[in-house]
Amino acid sequence: MDWYAHDVFNCESYINAAFRSWYSENEAYIFMMDEYLLLNYAPGTTDDEVLNGPLLICDGFPSLSGTAFGEYGIDCAFGSHDKNEAFIFSLNLCAQIYFAPGTTDDYIIKGPMTIKAMFPFFKGTEFESSIDAAFEATTKYEAYLFKGNHYALINYGSSSHSIAIGIINQGFPSLKKHHL
């Protein structure tokens, strides 16, 4: 249980995933292996505050108990433009959840299922086995997903589809200029 306090300084990374809460401004759910916390990140200040946690994911999100997400953790996530919804990933699995801020009334909207079952357009691509990172775009029902040196821009709405898949520094040329 105390993995986050042991050798954190020497860890390459101990935050696996995050998404914003719609409940209150400047709040985000932060996932670390099989635990999470709710953080008020207080932009522009040093007044950030842990509002809840760290807790086991299965304790704060009872609908995830007995799933890979509750038992092994959330590797990647992105918030949805639908209030209090998010997409979560663990290895090759994903789910769409309603996260019910301030309660334990969360539920699974869709899944758990493989990434290629949720997003059939990823079949045969590097994205079908896992997702490294993601964030919701400002355009409604769009998100950027990353795996290795590739990115995908997707529409995750009712008629989900791939908008673009490519090499990161070709899709984001400013990163190439900075040798990233």
# chains A, B, ... in the order shown; residues from 1 in each chain; ligands from 1
call {"tool": "residues_around", "arguments": {"residues": "segment 63-77 of chain A", "least_positions_apart": "3", "cutoff": "10 Å", "atoms": "only C-alpha atoms", "output": "ChimeraX atom specification"}}
result
/A:15-19,29-36,56-60,80,86-99,104-108,112,130-136,145-146
call {"tool": "select_by_dssp", "arguments": {"residues": "segment 34-176 of chain A", "states": "strand (DSSP E)", "output": "number ranges by chain"}}
result
A: 35-40, 49-56, 76-79, 85-90, 93-98, 107-114, 133-136, 142-147, 150-155, 161-167
call {"tool": "residues_around", "arguments": {"residues": "Pro120 of chain A", "least_positions_apart": "5", "cutoff": "10 Å", "atoms": "only C-alpha atoms", "output": "PyMOL selection string"}}
result
chain A and resi 114-115+128+160-162
call {"tool": "closest_residue", "arguments": {"among": "A:Thr139, A:Ala152, A:Ile109, A:His81", "to": "Phe122 of chain A", "atoms": "only C-alpha atoms"}}
result
A:Ala152
call {"tool": "atom_distance", "arguments": {"atom1": "atom CA of His179 of chain A", "atom2": "atom CA of Gly124 of chain A"}}
result
28.7 Å
call {"tool": "closest_residue", "arguments": {"among": "A:Gly148, A:Ala117, A:Glu126, A:Asp48", "to": "Asn169 of chain A", "atoms": "only C-alpha atoms"}}
result
A:Gly148
call {"tool": "select_by_dssp", "arguments": {"residues": "chain A", "states": "alpha helix (DSSP H)", "output": "PyMOL selection string"}}
result
chain A and resi 57-60+68-71+115-118+168-171+173-177
call {"tool": "write_last_selection", "arguments": {"atoms": "N, CA and C atoms", "output": "PDB file, in the first residue's frame"}}
result
ATOM      1  N   ILE A  57      -8.606   2.031  -6.063  1.00  0.00           N
ATOM      2  CA  ILE A  57      -9.562   2.339  -7.124  1.00  0.00           C
ATOM      3  C   ILE A  57     -10.887   1.627  -6.878  1.00  0.00           C
ATOM      4  N   CYS A  58     -10.840   0.359  -6.489  1.00  0.00           N
ATOM      5  CA  CYS A  58     -12.079  -0.403  -6.286  1.00  0.00           C
ATOM      6  C   CYS A  58     -12.898   0.126  -5.110  1.00  0.00           C
ATOM      7  N   ASP A  59     -12.284   0.849  -4.173  1.00  0.00           N
ATOM      8  CA  ASP A  59     -13.040   1.436  -3.062  1.00  0.00           C
ATOM      9  C   ASP A  59     -13.726   2.736  -3.477  1.00  0.00           C
ATOM     10  N   GLY A  60     -13.092   3.520  -4.303  1.00  0.00           N
ATOM     11  CA  GLY A  60     -13.680   4.786  -4.741  1.00  0.00           C
ATOM     12  C   GLY A  60     -14.570   4.658  -5.957  1.00  0.00           C
ATOM     13  N   ALA A  68     -10.009  -5.535 -14.281  1.00  0.00           N
ATOM     14  CA  ALA A  68      -8.577  -5.216 -14.383  1.00  0.00           C
ATOM     15  C   ALA A  68      -8.304  -3.801 -13.881  1.00  0.00           C
ATOM     16  N   PHE A  69      -9.235  -2.876 -14.086  1.00  0.00           N
ATOM     17  CA  PHE A  69      -9.049  -1.486 -13.664  1.00  0.00           C
ATOM     18  C   PHE A  69      -8.999  -1.366 -12.150  1.00  0.00           C
ATOM     19  N   GLY A  70      -9.860  -2.085 -11.457  1.00  0.00           N
ATOM     20  CA  GLY A  70      -9.898  -2.035 -10.003  1.00  0.00           C
ATOM     21  C   GLY A  70      -8.803  -2.845  -9.351  1.00  0.00           C
ATOM     22  N   GLU A  71      -8.390  -3.916 -10.001  1.00  0.00           N
ATOM     23  CA  GLU A  71      -7.405  -4.811  -9.407  1.00  0.00           C
ATOM     24  C   GLU A  71      -5.969  -4.437  -9.770  1.00  0.00           C
ATOM     25  N   ILE A 115      -9.579  -2.908 -26.509  1.00  0.00           N
ATOM     26  CA  ILE A 115      -9.513  -1.606 -27.178  1.00  0.00           C
ATOM     27  C   ILE A 115     -10.070  -1.723 -28.589  1.00  0.00           C
ATOM     28  N   LYS A 116      -9.722  -2.789 -29.300  1.00  0.00           N
ATOM     29  CA  LYS A 116     -10.199  -2.914 -30.683  1.00  0.00           C
ATOM     30  C   LYS A 116     -11.694  -3.222 -30.751  1.00  0.00           C
ATOM     31  N   ALA A 117     -12.290  -3.742 -29.688  1.00  0.00           N
ATOM     32  CA  ALA A 117     -13.748  -3.925 -29.664  1.00  0.00           C
ATOM     33  C   ALA A 117     -14.447  -2.582 -29.418  1.00  0.00           C
ATOM     34  N   MET A 118     -13.873  -1.756 -28.549  1.00  0.00           N
ATOM     35  CA  MET A 118     -14.444  -0.432 -28.270  1.00  0.00           C
ATOM     36  C   MET A 118     -14.228   0.507 -29.462  1.00  0.00           C
ATOM     37  N   ILE A 168       4.125  11.006 -34.205  1.00  0.00           N
ATOM     38  CA  ILE A 168       3.905  12.164 -33.334  1.00  0.00           C
ATOM     39  C   ILE A 168       4.570  13.423 -33.874  1.00  0.00           C
ATOM     40  N   ASN A 169       5.857  13.363 -34.207  1.00  0.00           N
ATOM     41  CA  ASN A 169       6.514  14.606 -34.602  1.00  0.00           C
ATOM     42  C   ASN A 169       6.123  15.071 -36.009  1.00  0.00           C
ATOM     43  N   GLN A 170       5.357  14.257 -36.754  1.00  0.00           N
ATOM     44  CA  GLN A 170       4.789  14.730 -38.014  1.00  0.00           C
ATOM     45  C   GLN A 170       3.436  15.398 -37.766  1.00  0.00           C
ATOM     46  N   GLY A 171       2.696  14.873 -36.820  1.00  0.00           N
ATOM     47  CA  GLY A 171       1.407  15.468 -36.460  1.00  0.00           C
ATOM     48  C   GLY A 171       1.548  16.692 -35.574  1.00  0.00           C
ATOM     49  N   PRO A 173       4.504  19.103 -35.445  1.00  0.00           N
ATOM     50  CA  PRO A 173       5.830  19.501 -35.929  1.00  0.00           C
ATOM     51  C   PRO A 173       6.636  20.325 -34.933  1.00  0.00           C
ATOM     52  N   SER A 174       5.979  21.042 -34.037  1.00  0.00           N
ATOM     53  CA  SER A 174       6.729  21.835 -33.054  1.00  0.00           C
ATOM     54  C   SER A 174       7.563  20.930 -32.151  1.00  0.00           C
ATOM     55  N   LEU A 175       7.125  19.696 -31.925  1.00  0.00           N
ATOM     56  CA  LEU A 175       7.901  18.771 -31.103  1.00  0.00           C
ATOM     57  C   LEU A 175       9.186  18.373 -31.813  1.00  0.00           C
ATOM     58  N   LYS A 176       9.126  18.237 -33.122  1.00  0.00           N
ATOM     59  CA  LYS A 176      10.319  17.890 -33.892  1.00  0.00           C
ATOM     60  C   LYS A 176      11.361  19.007 -33.794  1.00  0.00           C
ATOM     61  N   LYS A 177      10.890  20.259 -33.846  1.00  0.00           N
ATOM     62  CA  LYS A 177      11.814  21.395 -33.742  1.00  0.00           C
ATOM     63  C   LYS A 177      12.538  21.408 -32.402  1.00  0.00           C
TER      64      LYS A 177
END
call {"tool": "residues_around", "arguments": {"residues": "Leu51 of chain A", "least_positions_apart": "6", "cutoff": "7 Å", "atoms": "only C-alpha atoms", "output": "count of residues only"}}
result
3
call {"tool": "closest_residue", "arguments": {"among": "A:Thr45, A:Lys140, A:Glu85, A:Ile154", "to": "Gly166 of chain A", "atoms": "only C-alpha atoms"}}
result
A:Ile154
call {"tool": "closest_residue", "arguments": {"among": "A:Leu153, A:Pro54, A:Met113, A:Ala28", "to": "Thr138 of chain A", "atoms": "only C-alpha atoms"}}
result
A:Leu153
